[in-house]
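The next block is final01.txt, given as compact mmCIF, N, CA and C atoms.
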```
# COMPACT_ATOMS: atom_id res chain seq x y z
N MET A 1 -5.75 17.95 47.88
CA MET A 1 -4.92 17.16 46.98
C MET A 1 -3.49 17.70 47.01
N LYS A 2 -2.59 16.80 46.79
CA LYS A 2 -1.19 17.20 46.73
C LYS A 2 -0.88 17.81 45.37
N LYS A 3 0.17 18.60 45.33
CA LYS A 3 0.58 19.24 44.09
C LYS A 3 0.98 18.21 43.03
N THR A 4 1.57 17.10 43.46
CA THR A 4 1.97 16.06 42.50
C THR A 4 0.76 15.41 41.86
N HIS A 5 -0.32 15.25 42.63
CA HIS A 5 -1.55 14.68 42.07
C HIS A 5 -2.15 15.62 41.02
N LEU A 6 -2.17 16.90 41.32
CA LEU A 6 -2.69 17.88 40.37
C LEU A 6 -1.84 17.93 39.10
N LEU A 7 -0.54 17.88 39.28
CA LEU A 7 0.37 17.88 38.13
C LEU A 7 0.15 16.64 37.27
N ALA A 8 -0.03 15.50 37.90
CA ALA A 8 -0.28 14.25 37.17
C ALA A 8 -1.58 14.33 36.39
N LEU A 9 -2.62 14.92 36.99
CA LEU A 9 -3.91 15.06 36.30
C LEU A 9 -3.78 16.00 35.09
N VAL A 10 -3.03 17.07 35.22
CA VAL A 10 -2.83 18.00 34.11
C VAL A 10 -2.06 17.32 32.97
N VAL A 11 -1.04 16.55 33.31
CA VAL A 11 -0.26 15.83 32.29
C VAL A 11 -1.13 14.81 31.57
N ILE A 12 -1.96 14.09 32.29
CA ILE A 12 -2.85 13.10 31.68
C ILE A 12 -3.87 13.79 30.77
N ALA A 13 -4.42 14.91 31.24
CA ALA A 13 -5.38 15.65 30.41
C ALA A 13 -4.74 16.16 29.13
N LEU A 14 -3.51 16.67 29.22
CA LEU A 14 -2.79 17.12 28.02
C LEU A 14 -2.52 15.96 27.06
N ALA A 15 -2.13 14.82 27.59
CA ALA A 15 -1.86 13.65 26.75
C ALA A 15 -3.13 13.20 26.02
N ILE A 16 -4.25 13.18 26.71
CA ILE A 16 -5.52 12.79 26.08
C ILE A 16 -5.89 13.81 25.00
N GLY A 17 -5.69 15.09 25.28
CA GLY A 17 -5.98 16.12 24.28
C GLY A 17 -5.13 15.98 23.04
N ILE A 18 -3.87 15.68 23.20
CA ILE A 18 -2.97 15.50 22.05
C ILE A 18 -3.38 14.29 21.23
N VAL A 19 -3.70 13.20 21.89
CA VAL A 19 -4.12 11.99 21.17
C VAL A 19 -5.41 12.24 20.39
N MET A 20 -6.36 12.92 21.00
CA MET A 20 -7.62 13.20 20.32
C MET A 20 -7.42 14.13 19.12
N ALA A 21 -6.53 15.10 19.26
CA ALA A 21 -6.28 16.05 18.16
C ALA A 21 -5.61 15.36 16.98
N THR A 22 -4.66 14.49 17.23
CA THR A 22 -3.97 13.81 16.13
C THR A 22 -4.84 12.73 15.51
N ALA A 23 -5.70 12.12 16.29
CA ALA A 23 -6.60 11.09 15.73
C ALA A 23 -7.59 11.71 14.77
N GLY A 24 -8.01 12.93 15.01
CA GLY A 24 -8.95 13.61 14.13
C GLY A 24 -8.34 14.01 12.81
N ASP A 25 -7.03 14.24 12.77
CA ASP A 25 -6.34 14.64 11.54
C ASP A 25 -5.86 13.45 10.71
N ALA A 26 -5.91 12.27 11.27
CA ALA A 26 -5.40 11.10 10.56
C ALA A 26 -6.29 10.77 9.37
N SER A 27 -5.68 10.48 8.24
CA SER A 27 -6.46 10.09 7.07
C SER A 27 -6.35 8.59 6.87
N VAL A 28 -7.27 8.05 6.11
CA VAL A 28 -7.34 6.61 5.92
C VAL A 28 -7.02 6.25 4.48
N TYR A 29 -6.64 5.00 4.25
CA TYR A 29 -6.40 4.49 2.90
C TYR A 29 -7.71 3.97 2.33
N VAL A 30 -8.07 4.47 1.15
CA VAL A 30 -9.33 4.09 0.51
C VAL A 30 -9.08 3.88 -0.98
N SER A 31 -10.09 3.36 -1.65
CA SER A 31 -10.05 3.26 -3.11
C SER A 31 -10.71 4.52 -3.69
N PHE A 32 -10.62 4.67 -5.01
CA PHE A 32 -11.27 5.83 -5.64
C PHE A 32 -12.78 5.77 -5.46
N LYS A 33 -13.35 4.57 -5.48
CA LYS A 33 -14.79 4.42 -5.29
C LYS A 33 -15.20 4.94 -3.91
N GLU A 34 -14.44 4.58 -2.88
CA GLU A 34 -14.74 5.04 -1.53
C GLU A 34 -14.53 6.55 -1.40
N ALA A 35 -13.51 7.07 -2.07
CA ALA A 35 -13.26 8.52 -2.04
C ALA A 35 -14.43 9.28 -2.68
N LYS A 36 -14.99 8.73 -3.78
CA LYS A 36 -16.15 9.36 -4.42
C LYS A 36 -17.36 9.32 -3.50
N GLU A 37 -17.55 8.19 -2.80
CA GLU A 37 -18.68 8.07 -1.89
C GLU A 37 -18.56 9.06 -0.73
N LEU A 38 -17.35 9.22 -0.20
CA LEU A 38 -17.15 10.18 0.88
C LEU A 38 -17.46 11.60 0.41
N ALA A 39 -17.00 11.95 -0.79
CA ALA A 39 -17.25 13.29 -1.32
C ALA A 39 -18.74 13.51 -1.59
N ALA A 40 -19.42 12.47 -2.07
CA ALA A 40 -20.86 12.59 -2.34
C ALA A 40 -21.65 12.81 -1.04
N ASP A 41 -21.14 12.26 0.07
CA ASP A 41 -21.79 12.45 1.37
C ASP A 41 -21.40 13.78 2.01
N GLY A 42 -20.57 14.57 1.33
CA GLY A 42 -20.15 15.86 1.87
C GLY A 42 -18.95 15.77 2.80
N ASP A 43 -18.33 14.60 2.89
CA ASP A 43 -17.17 14.41 3.76
C ASP A 43 -15.91 14.78 2.97
N LEU A 44 -15.27 15.88 3.33
CA LEU A 44 -14.10 16.36 2.61
C LEU A 44 -12.79 16.05 3.34
N ARG A 45 -12.81 14.97 4.14
CA ARG A 45 -11.57 14.56 4.82
C ARG A 45 -10.52 14.16 3.79
N LYS A 46 -9.28 14.34 4.17
CA LYS A 46 -8.17 13.89 3.33
C LYS A 46 -8.05 12.38 3.44
N VAL A 47 -7.86 11.73 2.29
CA VAL A 47 -7.70 10.28 2.26
C VAL A 47 -6.45 9.94 1.46
N HIS A 48 -5.94 8.74 1.67
CA HIS A 48 -4.82 8.21 0.90
C HIS A 48 -5.36 7.21 -0.12
N VAL A 49 -4.83 7.27 -1.33
CA VAL A 49 -5.15 6.27 -2.36
C VAL A 49 -3.83 5.75 -2.91
N VAL A 50 -3.71 4.43 -2.96
CA VAL A 50 -2.52 3.78 -3.50
C VAL A 50 -2.83 3.31 -4.90
N GLY A 51 -1.89 3.53 -5.82
CA GLY A 51 -2.12 3.07 -7.18
C GLY A 51 -0.86 3.00 -8.00
N ARG A 52 -1.06 2.66 -9.26
CA ARG A 52 0.04 2.56 -10.22
C ARG A 52 -0.28 3.43 -11.43
N LEU A 53 0.75 3.81 -12.14
CA LEU A 53 0.59 4.63 -13.34
C LEU A 53 0.40 3.72 -14.56
N PRO A 54 -0.65 3.95 -15.36
CA PRO A 54 -0.84 3.13 -16.56
C PRO A 54 0.17 3.53 -17.65
N HIS A 55 0.68 2.55 -18.35
CA HIS A 55 1.64 2.79 -19.45
C HIS A 55 1.08 2.25 -20.75
N ASP A 56 1.45 2.89 -21.87
CA ASP A 56 1.04 2.40 -23.18
C ASP A 56 2.08 1.41 -23.69
N ALA A 57 1.93 0.98 -24.94
CA ALA A 57 2.84 -0.02 -25.52
C ALA A 57 4.28 0.50 -25.62
N GLY A 58 4.45 1.82 -25.72
CA GLY A 58 5.78 2.41 -25.79
C GLY A 58 6.36 2.73 -24.42
N ASN A 59 5.73 2.22 -23.36
CA ASN A 59 6.13 2.43 -21.96
C ASN A 59 6.06 3.90 -21.54
N ASN A 60 5.16 4.67 -22.19
CA ASN A 60 4.91 6.06 -21.81
C ASN A 60 3.72 6.09 -20.85
N ILE A 61 3.75 7.01 -19.90
CA ILE A 61 2.66 7.13 -18.94
C ILE A 61 1.43 7.71 -19.63
N VAL A 62 0.31 7.05 -19.48
CA VAL A 62 -0.94 7.46 -20.12
C VAL A 62 -1.59 8.57 -19.30
N GLY A 63 -2.00 9.65 -19.95
CA GLY A 63 -2.78 10.70 -19.32
C GLY A 63 -2.00 11.72 -18.52
N MET A 64 -0.68 11.69 -18.59
CA MET A 64 0.13 12.65 -17.84
C MET A 64 0.28 13.94 -18.63
N GLN A 65 -0.02 15.07 -17.99
CA GLN A 65 0.12 16.38 -18.62
C GLN A 65 0.80 17.34 -17.66
N TYR A 66 1.91 17.90 -18.12
CA TYR A 66 2.63 18.90 -17.34
C TYR A 66 3.37 19.81 -18.29
N ASN A 67 3.03 21.10 -18.26
CA ASN A 67 3.68 22.09 -19.10
C ASN A 67 4.17 23.21 -18.18
N PRO A 68 5.44 23.13 -17.74
CA PRO A 68 5.93 24.12 -16.78
C PRO A 68 6.00 25.54 -17.34
N THR A 69 6.08 25.70 -18.65
CA THR A 69 6.10 27.06 -19.20
C THR A 69 4.72 27.70 -19.17
N LEU A 70 3.68 26.90 -19.32
CA LEU A 70 2.31 27.40 -19.27
C LEU A 70 1.85 27.63 -17.83
N ASP A 71 2.02 26.61 -16.98
CA ASP A 71 1.66 26.72 -15.56
C ASP A 71 2.50 25.70 -14.79
N PRO A 72 3.55 26.15 -14.09
CA PRO A 72 4.42 25.21 -13.39
C PRO A 72 3.76 24.55 -12.17
N ASN A 73 2.62 25.07 -11.74
CA ASN A 73 1.93 24.51 -10.58
C ASN A 73 0.64 23.79 -10.96
N TYR A 74 0.63 23.19 -12.13
CA TYR A 74 -0.52 22.38 -12.55
C TYR A 74 0.02 21.09 -13.18
N PHE A 75 -0.23 19.99 -12.52
CA PHE A 75 0.22 18.68 -12.98
C PHE A 75 -0.95 17.72 -12.88
N THR A 76 -1.26 17.03 -13.95
CA THR A 76 -2.36 16.09 -13.94
C THR A 76 -1.91 14.76 -14.54
N PHE A 77 -2.50 13.69 -14.03
CA PHE A 77 -2.15 12.34 -14.49
C PHE A 77 -3.30 11.39 -14.15
N VAL A 78 -3.22 10.19 -14.70
CA VAL A 78 -4.21 9.15 -14.42
C VAL A 78 -3.55 8.15 -13.48
N LEU A 79 -4.29 7.72 -12.47
CA LEU A 79 -3.80 6.72 -11.53
C LEU A 79 -4.80 5.58 -11.50
N VAL A 80 -4.28 4.35 -11.43
CA VAL A 80 -5.12 3.15 -11.34
C VAL A 80 -4.97 2.60 -9.93
N ASP A 81 -6.08 2.56 -9.17
CA ASP A 81 -6.00 2.10 -7.79
C ASP A 81 -5.94 0.58 -7.71
N THR A 82 -5.94 0.04 -6.51
CA THR A 82 -5.80 -1.40 -6.31
C THR A 82 -7.01 -2.18 -6.83
N ASN A 83 -8.14 -1.49 -7.03
CA ASN A 83 -9.33 -2.13 -7.61
C ASN A 83 -9.40 -1.94 -9.12
N ARG A 84 -8.33 -1.44 -9.71
CA ARG A 84 -8.19 -1.20 -11.15
C ARG A 84 -9.15 -0.14 -11.68
N VAL A 85 -9.47 0.83 -10.85
CA VAL A 85 -10.29 1.96 -11.26
C VAL A 85 -9.36 3.09 -11.71
N HIS A 86 -9.56 3.57 -12.94
CA HIS A 86 -8.76 4.67 -13.48
C HIS A 86 -9.38 5.99 -13.02
N GLN A 87 -8.53 6.92 -12.56
CA GLN A 87 -9.02 8.19 -12.07
C GLN A 87 -8.06 9.31 -12.44
N GLN A 88 -8.63 10.42 -12.91
CA GLN A 88 -7.84 11.62 -13.20
C GLN A 88 -7.45 12.27 -11.88
N VAL A 89 -6.17 12.63 -11.74
CA VAL A 89 -5.65 13.27 -10.52
C VAL A 89 -5.05 14.61 -10.92
N VAL A 90 -5.34 15.65 -10.13
CA VAL A 90 -4.77 16.98 -10.35
C VAL A 90 -3.95 17.33 -9.13
N TYR A 91 -2.75 17.85 -9.37
CA TYR A 91 -1.83 18.25 -8.31
C TYR A 91 -1.40 19.68 -8.60
N PHE A 92 -1.75 20.61 -7.72
CA PHE A 92 -1.46 22.02 -7.95
C PHE A 92 -0.09 22.41 -7.39
N ASN A 93 0.90 21.68 -7.83
CA ASN A 93 2.30 21.91 -7.50
C ASN A 93 3.12 21.38 -8.66
N PRO A 94 4.42 21.66 -8.70
CA PRO A 94 5.25 21.11 -9.78
C PRO A 94 5.28 19.58 -9.75
N LYS A 95 5.54 19.00 -10.91
CA LYS A 95 5.63 17.55 -11.02
C LYS A 95 6.81 17.05 -10.17
N PRO A 96 6.59 16.01 -9.35
CA PRO A 96 7.69 15.50 -8.54
C PRO A 96 8.81 14.93 -9.41
N GLN A 97 10.03 15.08 -8.92
CA GLN A 97 11.19 14.55 -9.64
C GLN A 97 11.10 13.03 -9.68
N ASP A 98 11.52 12.44 -10.78
CA ASP A 98 11.51 10.98 -11.01
C ASP A 98 10.11 10.38 -10.97
N PHE A 99 9.10 11.17 -11.28
CA PHE A 99 7.72 10.67 -11.30
C PHE A 99 7.57 9.52 -12.29
N GLU A 100 8.23 9.64 -13.44
CA GLU A 100 8.12 8.63 -14.49
C GLU A 100 8.72 7.29 -14.07
N LYS A 101 9.64 7.29 -13.13
CA LYS A 101 10.33 6.07 -12.70
C LYS A 101 9.59 5.32 -11.60
N SER A 102 8.54 5.91 -11.05
CA SER A 102 7.89 5.32 -9.88
C SER A 102 7.14 4.05 -10.23
N GLU A 103 7.22 3.08 -9.32
CA GLU A 103 6.49 1.83 -9.47
C GLU A 103 5.09 1.95 -8.89
N GLN A 104 5.00 2.68 -7.78
CA GLN A 104 3.73 2.82 -7.09
C GLN A 104 3.63 4.26 -6.60
N VAL A 105 2.40 4.78 -6.54
CA VAL A 105 2.16 6.16 -6.13
C VAL A 105 1.12 6.16 -5.02
N VAL A 106 1.37 6.95 -3.98
CA VAL A 106 0.39 7.17 -2.92
C VAL A 106 0.05 8.65 -2.95
N ILE A 107 -1.24 8.95 -3.12
CA ILE A 107 -1.69 10.34 -3.15
C ILE A 107 -2.57 10.61 -1.94
N THR A 108 -2.47 11.82 -1.44
CA THR A 108 -3.30 12.26 -0.33
C THR A 108 -4.11 13.47 -0.80
N GLY A 109 -5.40 13.43 -0.56
CA GLY A 109 -6.27 14.52 -0.97
C GLY A 109 -7.72 14.10 -0.88
N ASN A 110 -8.57 14.66 -1.76
CA ASN A 110 -9.98 14.28 -1.77
C ASN A 110 -10.57 14.51 -3.16
N MET A 111 -11.76 13.94 -3.36
CA MET A 111 -12.46 14.05 -4.63
C MET A 111 -13.19 15.39 -4.70
N ARG A 112 -13.12 16.02 -5.88
CA ARG A 112 -13.88 17.25 -6.14
C ARG A 112 -14.34 17.20 -7.59
N ASN A 113 -15.65 17.13 -7.79
CA ASN A 113 -16.24 17.13 -9.15
C ASN A 113 -15.62 16.07 -10.06
N ASP A 114 -15.62 14.83 -9.64
CA ASP A 114 -15.12 13.69 -10.42
C ASP A 114 -13.63 13.75 -10.72
N VAL A 115 -12.88 14.57 -10.02
CA VAL A 115 -11.42 14.63 -10.15
C VAL A 115 -10.84 14.53 -8.75
N PHE A 116 -9.79 13.73 -8.60
CA PHE A 116 -9.12 13.65 -7.31
C PHE A 116 -8.09 14.76 -7.25
N VAL A 117 -8.22 15.65 -6.26
CA VAL A 117 -7.27 16.75 -6.08
C VAL A 117 -6.28 16.33 -5.00
N ALA A 118 -5.02 16.16 -5.40
CA ALA A 118 -3.99 15.67 -4.49
C ALA A 118 -3.28 16.83 -3.81
N ASP A 119 -3.06 16.69 -2.51
CA ASP A 119 -2.26 17.65 -1.76
C ASP A 119 -0.81 17.18 -1.64
N LYS A 120 -0.65 15.85 -1.60
CA LYS A 120 0.69 15.26 -1.49
C LYS A 120 0.79 14.07 -2.43
N ILE A 121 1.99 13.85 -2.95
CA ILE A 121 2.27 12.69 -3.77
C ILE A 121 3.52 12.03 -3.21
N LEU A 122 3.38 10.75 -2.88
CA LEU A 122 4.52 9.96 -2.41
C LEU A 122 4.83 8.91 -3.47
N LEU A 123 6.10 8.81 -3.85
CA LEU A 123 6.50 7.89 -4.91
C LEU A 123 7.28 6.72 -4.34
N LYS A 124 6.99 5.54 -4.85
CA LYS A 124 7.80 4.36 -4.52
C LYS A 124 8.56 4.02 -5.79
N CYS A 125 9.82 4.39 -5.80
CA CYS A 125 10.66 4.17 -6.97
C CYS A 125 11.35 2.82 -6.86
N PRO A 126 11.73 2.25 -8.00
CA PRO A 126 12.43 0.97 -7.94
C PRO A 126 13.77 1.12 -7.23
N SER A 127 14.11 0.13 -6.45
CA SER A 127 15.36 0.18 -5.71
C SER A 127 16.54 -0.05 -6.64
N LYS A 128 17.59 0.71 -6.45
CA LYS A 128 18.77 0.53 -7.28
C LYS A 128 19.57 -0.68 -6.85
N TYR A 129 19.21 -1.28 -5.71
CA TYR A 129 19.95 -2.43 -5.20
C TYR A 129 19.34 -3.76 -5.60
N VAL A 130 18.07 -3.78 -5.99
CA VAL A 130 17.39 -5.03 -6.28
C VAL A 130 18.08 -5.78 -7.42
N GLU A 131 18.38 -5.09 -8.51
CA GLU A 131 18.99 -5.75 -9.66
C GLU A 131 20.38 -6.28 -9.30
N ASN A 132 21.15 -5.53 -8.52
CA ASN A 132 22.49 -5.98 -8.12
C ASN A 132 22.40 -7.19 -7.20
N GLU A 133 21.40 -7.25 -6.31
CA GLU A 133 21.23 -8.39 -5.44
C GLU A 133 20.90 -9.64 -6.25
N VAL A 134 20.06 -9.50 -7.28
CA VAL A 134 19.69 -10.63 -8.11
C VAL A 134 20.90 -11.12 -8.89
N LYS A 135 21.69 -10.19 -9.45
CA LYS A 135 22.89 -10.58 -10.20
C LYS A 135 23.90 -11.27 -9.28
N GLY A 136 24.07 -10.74 -8.07
CA GLY A 136 25.00 -11.33 -7.12
C GLY A 136 24.58 -12.70 -6.68
N ALA A 137 23.27 -12.90 -6.52
CA ALA A 137 22.76 -14.21 -6.08
C ALA A 137 22.94 -15.26 -7.19
N THR A 138 22.76 -14.86 -8.44
CA THR A 138 22.92 -15.84 -9.52
C THR A 138 24.38 -16.11 -9.82
N ALA A 139 25.25 -15.12 -9.61
CA ALA A 139 26.67 -15.30 -9.89
C ALA A 139 27.35 -16.15 -8.82
N ALA A 140 26.79 -16.17 -7.60
CA ALA A 140 27.40 -16.92 -6.52
C ALA A 140 27.18 -18.41 -6.67
N ARG A 141 26.24 -18.80 -7.46
CA ARG A 141 25.93 -20.24 -7.59
C ARG A 141 26.84 -20.94 -8.52
```
This entry written out as structure tokens:
Amino acid sequence: MKKTHLLALVVIALAIGIVMATAGDASVYVSFKEAKELAADGDLRKVHVVGRLPHDAGNNIVGMQYNPTLDPNYFTFVLVDTNRVHQQVVYFNPKPQDFEKSEQVVITGNMRNDVFVADKILLKCPSKYVENEVKGATAAR
């Protein structure tokens, strides 16, 4: 075999190895019900759950607890997934900035003893441009 053929085979083998390694680490989007089923089966893979924060009549977030003086790395809250299932979430890091302003929350982690333990929290905050676009569109008419 020529050296170029051997080099091509090595590059292809490396590419396949990289693809297989990253595919194994990829997590999937599930509901809290599916996350509980995975945990019950002993599957501790990281999953993504999309949800919203429940608010009371005073527009306060229901079930949120964070006391940085007691423990700055313990933050817990309730999240409602797309199937309207309420679930307690624990995050062993400081509360993300602007958490209260978020419209939608994506958490990554897994279920442990009827509590979802989040490793990452991604926030979808309201856009500061949406209201200006609406005002501009109505003023132009």
Report, in Å to a single decimal, how far apart atom C of A:Pro126 and atom CA of A:Gln88 are.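 The value is 24.8 Å.
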Quick one: pick out all strand (DSSP E) residues within chain A from a backbone DSSP run and write them as number ranges by chain. A: 28-29, 47-52, 65-66, 75-81, 86-91, 104-112, 115-124
Please measure the separation of atom CA of A:Ala118 and atom C of A:Val90, giving the value in Å to one decimal. 4.9 Å
Please list as a list of chain:residue names every residue within 7 Å of stretch 79-82 of chain A, counting only C-alpha atoms and excluding residues in the same chain fewer than 3 positions away. A:Ser31, A:Phe32, A:Val49, A:Val50, A:Gly51, A:Arg52, A:Leu53, A:Pro54, A:Val85, A:His86, A:Gln87, A:Gln88, A:Val89
So which residues of stretch 40-128 of chain A fall under helix (DSSP H, G or I) by DSSP, listed as a ChimeraX atom specification? /A:40,99-101
Hey, could you patch up stretch 65-81 of chain A with N, CA, C and O atoms and hand it over as a tab-separated table (two decimals), in the coordinates of the input?
```tsv
chain	number	residue	atom	x	y	z
A	65	GLN	N	-0.02	15.07	-17.99
A	65	GLN	CA	0.12	16.38	-18.62
A	65	GLN	C	0.80	17.34	-17.66
A	65	GLN	O	0.33	17.54	-16.54
A	66	TYR	N	1.91	17.90	-18.12
A	66	TYR	CA	2.63	18.90	-17.34
A	66	TYR	C	3.37	19.81	-18.29
A	66	TYR	O	4.19	19.37	-19.08
A	67	ASN	N	3.03	21.10	-18.26
A	67	ASN	CA	3.68	22.09	-19.10
A	67	ASN	C	4.17	23.21	-18.18
A	67	ASN	O	3.42	24.14	-17.89
A	68	PRO	N	5.44	23.13	-17.74
A	68	PRO	CA	5.93	24.12	-16.78
A	68	PRO	C	6.00	25.54	-17.34
A	68	PRO	O	5.97	26.50	-16.57
A	69	THR	N	6.08	25.70	-18.65
A	69	THR	CA	6.10	27.06	-19.20
A	69	THR	C	4.72	27.70	-19.17
A	69	THR	O	4.60	28.90	-19.00
A	70	LEU	N	3.68	26.90	-19.32
A	70	LEU	CA	2.31	27.40	-19.27
A	70	LEU	C	1.85	27.63	-17.83
A	70	LEU	O	1.35	28.70	-17.48
A	71	ASP	N	2.02	26.61	-16.98
A	71	ASP	CA	1.66	26.72	-15.56
A	71	ASP	C	2.50	25.70	-14.79
A	71	ASP	O	2.20	24.51	-14.80
A	72	PRO	N	3.55	26.15	-14.09
A	72	PRO	CA	4.42	25.21	-13.39
A	72	PRO	C	3.76	24.55	-12.17
A	72	PRO	O	4.28	23.58	-11.65
A	73	ASN	N	2.62	25.07	-11.74
A	73	ASN	CA	1.93	24.51	-10.58
A	73	ASN	C	0.64	23.79	-10.96
A	73	ASN	O	-0.31	23.77	-10.18
A	74	TYR	N	0.63	23.19	-12.13
A	74	TYR	CA	-0.52	22.38	-12.55
A	74	TYR	C	0.02	21.09	-13.18
A	74	TYR	O	0.66	21.12	-14.23
A	75	PHE	N	-0.23	19.99	-12.52
A	75	PHE	CA	0.22	18.68	-12.98
A	75	PHE	C	-0.95	17.72	-12.88
A	75	PHE	O	-1.60	17.64	-11.84
A	76	THR	N	-1.26	17.03	-13.95
A	76	THR	CA	-2.36	16.09	-13.94
A	76	THR	C	-1.91	14.76	-14.54
A	76	THR	O	-1.05	14.72	-15.43
A	77	PHE	N	-2.50	13.69	-14.03
A	77	PHE	CA	-2.15	12.34	-14.49
A	77	PHE	C	-3.30	11.39	-14.15
A	77	PHE	O	-4.22	11.75	-13.41
A	78	VAL	N	-3.22	10.19	-14.70
A	78	VAL	CA	-4.21	9.15	-14.42
A	78	VAL	C	-3.55	8.15	-13.48
A	78	VAL	O	-2.39	7.77	-13.68
A	79	LEU	N	-4.29	7.72	-12.47
A	79	LEU	CA	-3.80	6.72	-11.53
A	79	LEU	C	-4.80	5.58	-11.50
A	79	LEU	O	-6.01	5.79	-11.54
A	80	VAL	N	-4.28	4.35	-11.43
A	80	VAL	CA	-5.12	3.15	-11.34
A	80	VAL	C	-4.97	2.60	-9.93
A	80	VAL	O	-3.86	2.24	-9.51
A	81	ASP	N	-6.08	2.56	-9.17
A	81	ASP	CA	-6.00	2.10	-7.79
A	81	ASP	C	-5.94	0.58	-7.71
A	81	ASP	O	-5.88	-0.11	-8.73
```
